[in-house]
Amino acid sequence: MEKSNYLGRSFLTLKDYSPAEIIELVNLAETLRKKKKTGMPVKGCEGKNIALIFEKTSTRTRCSFEIAAADLGMHTVYLDPSASQMGKKESLKDTARVLGRMFDGIEYRGYGQKIVEDLAKYAGVPVWNGLTNEYHPTQMLADLLTIRDNFHYIKGVNLTYFGDARYNTGNSLMIMCSKMGLNFCVCAPKKYWPNEKLIEECQGYAKASGAKLRFTEDVAEGAKGADVIYTDIWVSMGEPAEIWAERIRDLYPYRVTMDTIKAASVDVIFMHCLPSFHNLNTGIGRAIYEKFGIEEMEVSDEVFESRYSRVFEEAENRMHTIKAVMYATLTGKSV
């Protein structure tokens, strides 16, 4: 089968890529990972410059882009909210046209999906979505690589997401699973399920891939037969602190504990896109404990630190999959 040409393409959501193209990128990430671990250089991007726009802070995304870029011989310029006039003294359209003439590629991590789409529309260079309110596509490539590392296959894997599935991670997991043939289940109160329009769209993907989509409020049903238990923090960046009381009330019964793990498949793994509030070793964790008396939130420390956990392999794979996206879209090659 002839390989796809990624040259000059943006990476905004997995909706824009076919299942075959997604697998090609995962395969490329695996190849690049092997090269990095054996000290083999990857040529083709030397001298290129990329802009990293972060309207939301990050550890994994920023480090992944910067290290991946350095490995490929590229230079990065980091722009936090105070370092750019985008949307304040200068329109997004104008900023995109300026940056597109200076940089070979642009990463954006921030708020509405329309922002990253407008950047891609006007910049004239590849734009990569590091996270928006709606989608988190680079995380999904890392998740696919992590799942394949563990099971040696993807199609037919049963993945259950516990928690608020209305935003970037939940939305993107549903898109990823439905496109790639994984069976996807959301386990949460109905008010936290993805919106109907996206569910309908993903049902179309699932029809083509053979995936099954399920939505349940029953914890035992959600855990039963799960090969992957996945969760995320209950309050996203940009949401008001006042929302914690409501989320704790609604989602505490859906936290991932060892009982959840024991109710799942015998070979189950636990995944989390991080950061995680699994103990009191964070400022937010301590503040929530002082206010609500809760020592652990979306996942227990026992699960997080257990042999079932793949969260740090998953985090490392962000770097390899981000490198694959940049390399493919800037060179059009697959190494």
# chains A, B, ... in the order shown; residues from 1 in each chain; ligands from 1

call {"tool": "residues_around", "arguments": {"residues": "Ser209 of chain A", "least_positions_apart": "4", "cutoff": "9 Å", "atoms": "only C-alpha atoms", "output": "list in words"}}
result
Pro19, Lys155, Ser178, Lys179, Met180, Gly181, Leu182, Gly204 and Tyr205 of chain A

call {"tool": "residues_around", "arguments": {"residues": "Arg60 of chain A", "least_positions_apart": "2", "cutoff": "9 Å", "atoms": "only C-alpha atoms", "output": "list of chain:residue names"}}
result
A:Ser58, A:Arg62, A:Cys63, A:Ser64, A:Phe65, A:Leu274, A:Ala315, A:Glu316, A:Arg318, A:Met319

call {"tool": "write_last_selection", "arguments": {"atoms": "C-alpha atoms", "output": "PDB file, in the first residue's frame"}}
result
ATOM      1  CA  SER A  58       2.132  22.164  30.324  1.00  0.00           C
ATOM      2  CA  ARG A  62       6.122  21.433  26.128  1.00  0.00           C
ATOM      3  CA  CYS A  63       8.956  19.063  26.990  1.00  0.00           C
ATOM      4  CA  SER A  64       7.874  16.620  24.285  1.00  0.00           C
ATOM      5  CA  PHE A  65       7.872  19.281  21.570  1.00  0.00           C
ATOM      6  CA  LEU A 274      -1.532  13.324  33.606  1.00  0.00           C
ATOM      7  CA  ALA A 315       3.994  10.114  29.069  1.00  0.00           C
ATOM      8  CA  GLU A 316       7.284   9.163  27.408  1.00  0.00           C
ATOM      9  CA  ARG A 318       4.128  11.677  23.920  1.00  0.00           C
ATOM     10  CA  MET A 319       7.648  12.687  22.917  1.00  0.00           C
TER      11      MET A 319
END

call {"tool": "atom_distance", "arguments": {"atom1": "atom CA of Asn5 of chain A", "atom2": "atom CA of Val26 of chain A"}}
result
15.0 Å

call {"tool": "residues_around", "arguments": {"residues": "Gly73 of chain A", "least_positions_apart": "5", "cutoff": "7 Å", "atoms": "only C-alpha atoms", "output": "CSV table (one decimal) with N, CA, C and O atoms, in the first residue's frame"}}
result
chain,number,residue,atom,x,y,z
A,45,CYS,N,15.3,17.6,9.2
A,45,CYS,CA,14.7,18.8,9.8
A,45,CYS,C,15.7,19.8,10.3
A,45,CYS,O,15.3,20.8,10.9
A,46,GLU,N,17.0,19.5,10.0
A,46,GLU,CA,18.1,20.5,10.5
A,46,GLU,C,17.8,21.9,10.0
A,46,GLU,O,17.5,22.1,8.9
A,47,GLY,N,17.9,22.8,10.9
A,47,GLY,CA,17.8,24.2,10.6
A,47,GLY,C,16.4,24.8,10.6
A,47,GLY,O,16.2,26.0,10.4

call {"tool": "residues_around", "arguments": {"residues": "segment 225-227 of chain A", "least_positions_apart": "5", "cutoff": "8 Å", "atoms": "only C-alpha atoms", "output": "list in words"}}
result
Val157, Asn158, Leu159, Thr160, Ala263, Ala264, Ser265, Val266, Asp267, Val268 and Ile269 of chain A

call {"tool": "write_last_selection", "arguments": {"atoms": "N, CA and C atoms", "output": "compact mmCIF listing (two decimals), in the first residue's frame"}}
result
# COMPACT_ATOMS: atom_id res chain seq x y z
N VAL A 157 -9.45 -4.17 21.34
CA VAL A 157 -9.15 -3.82 22.74
C VAL A 157 -10.35 -3.09 23.33
N ASN A 158 -10.71 -3.42 24.57
CA ASN A 158 -11.83 -2.78 25.27
C ASN A 158 -11.30 -1.68 26.19
N LEU A 159 -11.66 -0.44 25.92
CA LEU A 159 -11.19 0.70 26.71
C LEU A 159 -12.38 1.38 27.38
N THR A 160 -12.30 1.54 28.69
CA THR A 160 -13.35 2.25 29.44
C THR A 160 -12.76 3.51 30.05
N ALA A 263 -12.30 -5.77 38.86
CA ALA A 263 -13.52 -6.08 38.13
C ALA A 263 -13.32 -6.11 36.62
N ALA A 264 -12.13 -5.70 36.18
CA ALA A 264 -11.83 -5.61 34.75
C ALA A 264 -11.17 -6.89 34.26
N SER A 265 -10.63 -6.84 33.03
CA SER A 265 -9.93 -7.99 32.45
C SER A 265 -8.70 -8.35 33.29
N VAL A 266 -8.31 -9.60 33.24
CA VAL A 266 -7.17 -10.05 34.03
C VAL A 266 -5.88 -9.36 33.61
N ASP A 267 -5.80 -8.94 32.35
CA ASP A 267 -4.59 -8.27 31.85
C ASP A 267 -4.78 -6.76 31.74
N VAL A 268 -5.69 -6.21 32.49
CA VAL A 268 -6.01 -4.79 32.39
C VAL A 268 -4.80 -3.91 32.67
N ILE A 269 -4.75 -2.76 31.99
CA ILE A 269 -3.75 -1.75 32.31
C ILE A 269 -4.48 -0.45 32.64

call {"tool": "closest_residue", "arguments": {"among": "A:Pro126, A:Gly170, A:Gly238, A:Gly332", "to": "Leu7 of chain A", "atoms": "only C-alpha atoms"}}
result
A:Gly332

call {"tool": "residues_around", "arguments": {"residues": "segment 305-314 of chain A", "least_positions_apart": "3", "cutoff": "8 Å", "atoms": "only C-alpha atoms", "output": "tab-separated table (two decimals) with N, CA, C and O atoms, in the first residue's frame"}}
result
chain	number	residue	atom	x	y	z
A	142	ALA	N	0.02	8.79	21.37
A	142	ALA	CA	0.80	8.20	22.47
A	142	ALA	C	0.03	7.07	23.12
A	142	ALA	O	0.60	6.03	23.49
A	143	ASP	N	-1.27	7.24	23.28
A	143	ASP	CA	-2.09	6.20	23.89
A	143	ASP	C	-2.15	4.95	23.02
A	143	ASP	O	-2.05	3.83	23.50
A	146	THR	N	1.11	3.13	23.33
A	146	THR	CA	1.19	2.48	24.64
A	146	THR	C	0.34	1.22	24.68
A	146	THR	O	0.76	0.18	25.20
A	268	VAL	N	-5.69	-6.21	32.49
A	268	VAL	CA	-6.01	-4.79	32.39
A	268	VAL	C	-4.80	-3.91	32.67
A	268	VAL	O	-3.93	-4.27	33.47
A	269	ILE	N	-4.75	-2.76	31.99
A	269	ILE	CA	-3.75	-1.75	32.31
A	269	ILE	C	-4.48	-0.45	32.64
A	269	ILE	O	-5.61	-0.22	32.18
A	270	PHE	N	-3.83	0.39	33.44
A	270	PHE	CA	-4.39	1.69	33.80
A	270	PHE	C	-3.64	2.79	33.07
A	270	PHE	O	-2.41	2.80	33.03
A	271	MET	N	-4.40	3.74	32.51
A	271	MET	CA	-3.80	4.86	31.78
A	271	MET	C	-4.40	6.17	32.24
A	271	MET	O	-5.56	6.24	32.66
A	272	HIS	N	-3.59	7.23	32.13
A	272	HIS	CA	-3.99	8.56	32.57
A	272	HIS	C	-3.10	9.55	31.82
A	272	HIS	O	-1.88	9.37	31.75
A	273	CYS	N	-3.68	10.62	31.26
A	273	CYS	CA	-2.86	11.55	30.47
A	273	CYS	C	-2.04	12.50	31.34
A	273	CYS	O	-1.17	13.20	30.81
A	274	LEU	N	-2.29	12.53	32.64
A	274	LEU	CA	-1.53	13.32	33.61
A	274	LEU	C	-1.69	14.83	33.37
A	274	LEU	O	-1.98	15.24	32.26
A	301	ASP	N	-4.03	6.11	44.92
A	301	ASP	CA	-2.58	5.99	44.85
A	301	ASP	C	-2.16	4.53	44.65
A	301	ASP	O	-1.17	4.24	43.97
A	302	GLU	N	-2.94	3.63	45.20
A	302	GLU	CA	-2.65	2.20	45.07
A	302	GLU	C	-2.65	1.78	43.60
A	302	GLU	O	-1.76	1.05	43.14
A	317	ASN	N	5.85	8.30	25.66
A	317	ASN	CA	5.43	8.12	24.26
A	317	ASN	C	4.88	9.40	23.64
A	317	ASN	O	4.82	9.51	22.42
A	318	ARG	N	4.51	10.37	24.47
A	318	ARG	CA	4.13	11.68	23.92
A	318	ARG	C	5.27	12.25	23.09
A	318	ARG	O	5.05	12.81	22.00

call {"tool": "atom_distance", "arguments": {"atom1": "atom CA of Glu290 of chain A", "atom2": "atom CA of His278 of chain A"}}
result
15.0 Å

call {"tool": "residues_around", "arguments": {"residues": "Glu66 of chain A", "least_positions_apart": "5", "cutoff": "10 Å", "atoms": "only C-alpha atoms", "output": "NGL selection string"}}
result
:A and (50 or 52 or 60-61 or 71-72 or 74-78 or 319 or 322-323)

call {"tool": "select_by_dssp", "arguments": {"residues": "segment 9-142 of chain A", "states": "strand (DSSP E or B)", "output": "VMD selection string"}}
result
chain A and resid 11 49 to 54 75 to 79 86 90 105 to 109 127 to 131

call {"tool": "write_last_selection", "arguments": {"atoms": "C-alpha atoms", "output": "mmCIF file, in the first residue's frame"}}
result
data_model
loop_
_atom_site.group_PDB
_atom_site.id
_atom_site.type_symbol
_atom_site.label_atom_id
_atom_site.label_comp_id
_atom_site.auth_asym_id
_atom_site.auth_seq_id
_atom_site.Cartn_x
_atom_site.Cartn_y
_atom_site.Cartn_z
ATOM 1 C CA PHE A 11 -2.465 17.922 12.822
ATOM 2 C CA ASN A 49 12.361 26.681 13.317
ATOM 3 C CA ILE A 50 9.099 26.056 15.137
ATOM 4 C CA ALA A 51 6.931 28.261 17.342
ATOM 5 C CA LEU A 52 5.381 26.813 20.494
ATOM 6 C CA ILE A 53 2.302 28.817 21.535
ATOM 7 C CA PHE A 54 1.139 27.926 25.043
ATOM 8 C CA HIS A 75 15.162 25.356 17.004
ATOM 9 C CA THR A 76 12.133 26.247 19.137
ATOM 10 C CA VAL A 77 10.706 29.585 20.286
ATOM 11 C CA TYR A 78 8.338 29.347 23.258
ATOM 12 C CA LEU A 79 5.500 31.879 23.429
ATOM 13 C CA MET A 86 -2.226 37.296 19.559
ATOM 14 C CA GLU A 90 -3.010 41.834 17.034
ATOM 15 C CA GLY A 105 5.734 24.880 11.908
ATOM 16 C CA ILE A 106 3.554 26.073 14.790
ATOM 17 C CA GLU A 107 2.311 24.242 17.884
ATOM 18 C CA TYR A 108 -0.714 25.597 19.749
ATOM 19 C CA ARG A 109 -1.962 24.592 23.216
ATOM 20 C CA VAL A 127 0.058 23.643 12.752
ATOM 21 C CA TRP A 128 -0.046 21.002 15.484
ATOM 22 C CA ASN A 129 -2.707 20.826 18.186
ATOM 23 C CA GLY A 130 -1.023 20.402 21.580
ATOM 24 C CA LEU A 131 -4.455 20.540 23.270
#

call {"tool": "closest_atom_pairs", "arguments": {"of": "segment 114-230 of chain A", "to": "segment 250-257 of chain A", "cutoff": "7 Å", "atoms": "only C-alpha atoms", "output": "JSON lines"}}
result
{"residue": "A:Phe162", "atom": "CA", "partner": "A:Tyr254", "partner_atom": "CA", "distance": 6.1}
{"residue": "A:Gly163", "atom": "CA", "partner": "A:Leu251", "partner_atom": "CA", "distance": 6.2}
{"residue": "A:Ala188", "atom": "CA", "partner": "A:Tyr254", "partner_atom": "CA", "distance": 6.6}
{"residue": "A:Val219", "atom": "CA", "partner": "A:Tyr254", "partner_atom": "CA", "distance": 6.6}

call {"tool": "atom_distance", "arguments": {"atom1": "atom CA of Tyr161 of chain A", "atom2": "atom CA of Ser236 of chain A"}}
result
15.8 Å

call {"tool": "residues_around", "arguments": {"residues": "Ala324 of chain A", "least_positions_apart": "6", "cutoff": "8 Å", "atoms": "only C-alpha atoms", "output": "PyMOL selection string"}}
result
chain A and resi 25-26+28-29+32

call {"tool": "decode", "arguments": {"residues": "segment 56-75 of chain A", "atoms": "C-alpha atoms", "output": "mmCIF file, in the first residue's frame"}}
result
data_model
loop_
_atom_site.group_PDB
_atom_site.id
_atom_site.type_symbol
_atom_site.label_atom_id
_atom_site.label_comp_id
_atom_site.auth_asym_id
_atom_site.auth_seq_id
_atom_site.Cartn_x
_atom_site.Cartn_y
_atom_site.Cartn_z
ATOM 1 C CA LYS A 56 -2.271 26.849 28.807
ATOM 2 C CA THR A 57 0.766 25.657 30.725
ATOM 3 C CA SER A 58 2.132 22.164 30.324
ATOM 4 C CA THR A 59 4.879 19.797 31.398
ATOM 5 C CA ARG A 60 4.597 16.824 29.015
ATOM 6 C CA THR A 61 3.493 18.712 25.901
ATOM 7 C CA ARG A 62 6.122 21.433 26.128
ATOM 8 C CA CYS A 63 8.956 19.063 26.990
ATOM 9 C CA SER A 64 7.874 16.620 24.285
ATOM 10 C CA PHE A 65 7.872 19.281 21.570
ATOM 11 C CA GLU A 66 11.152 20.838 22.697
ATOM 12 C CA ILE A 67 13.050 17.561 23.081
ATOM 13 C CA ALA A 68 11.615 16.106 19.873
ATOM 14 C CA ALA A 69 12.540 19.269 17.993
ATOM 15 C CA ALA A 70 16.075 19.227 19.412
ATOM 16 C CA ASP A 71 16.479 15.565 18.467
ATOM 17 C CA LEU A 72 15.495 16.480 14.894
ATOM 18 C CA GLY A 73 17.938 19.405 14.761
ATOM 19 C CA MET A 74 15.308 22.138 15.005
ATOM 20 C CA HIS A 75 15.162 25.356 17.004
#
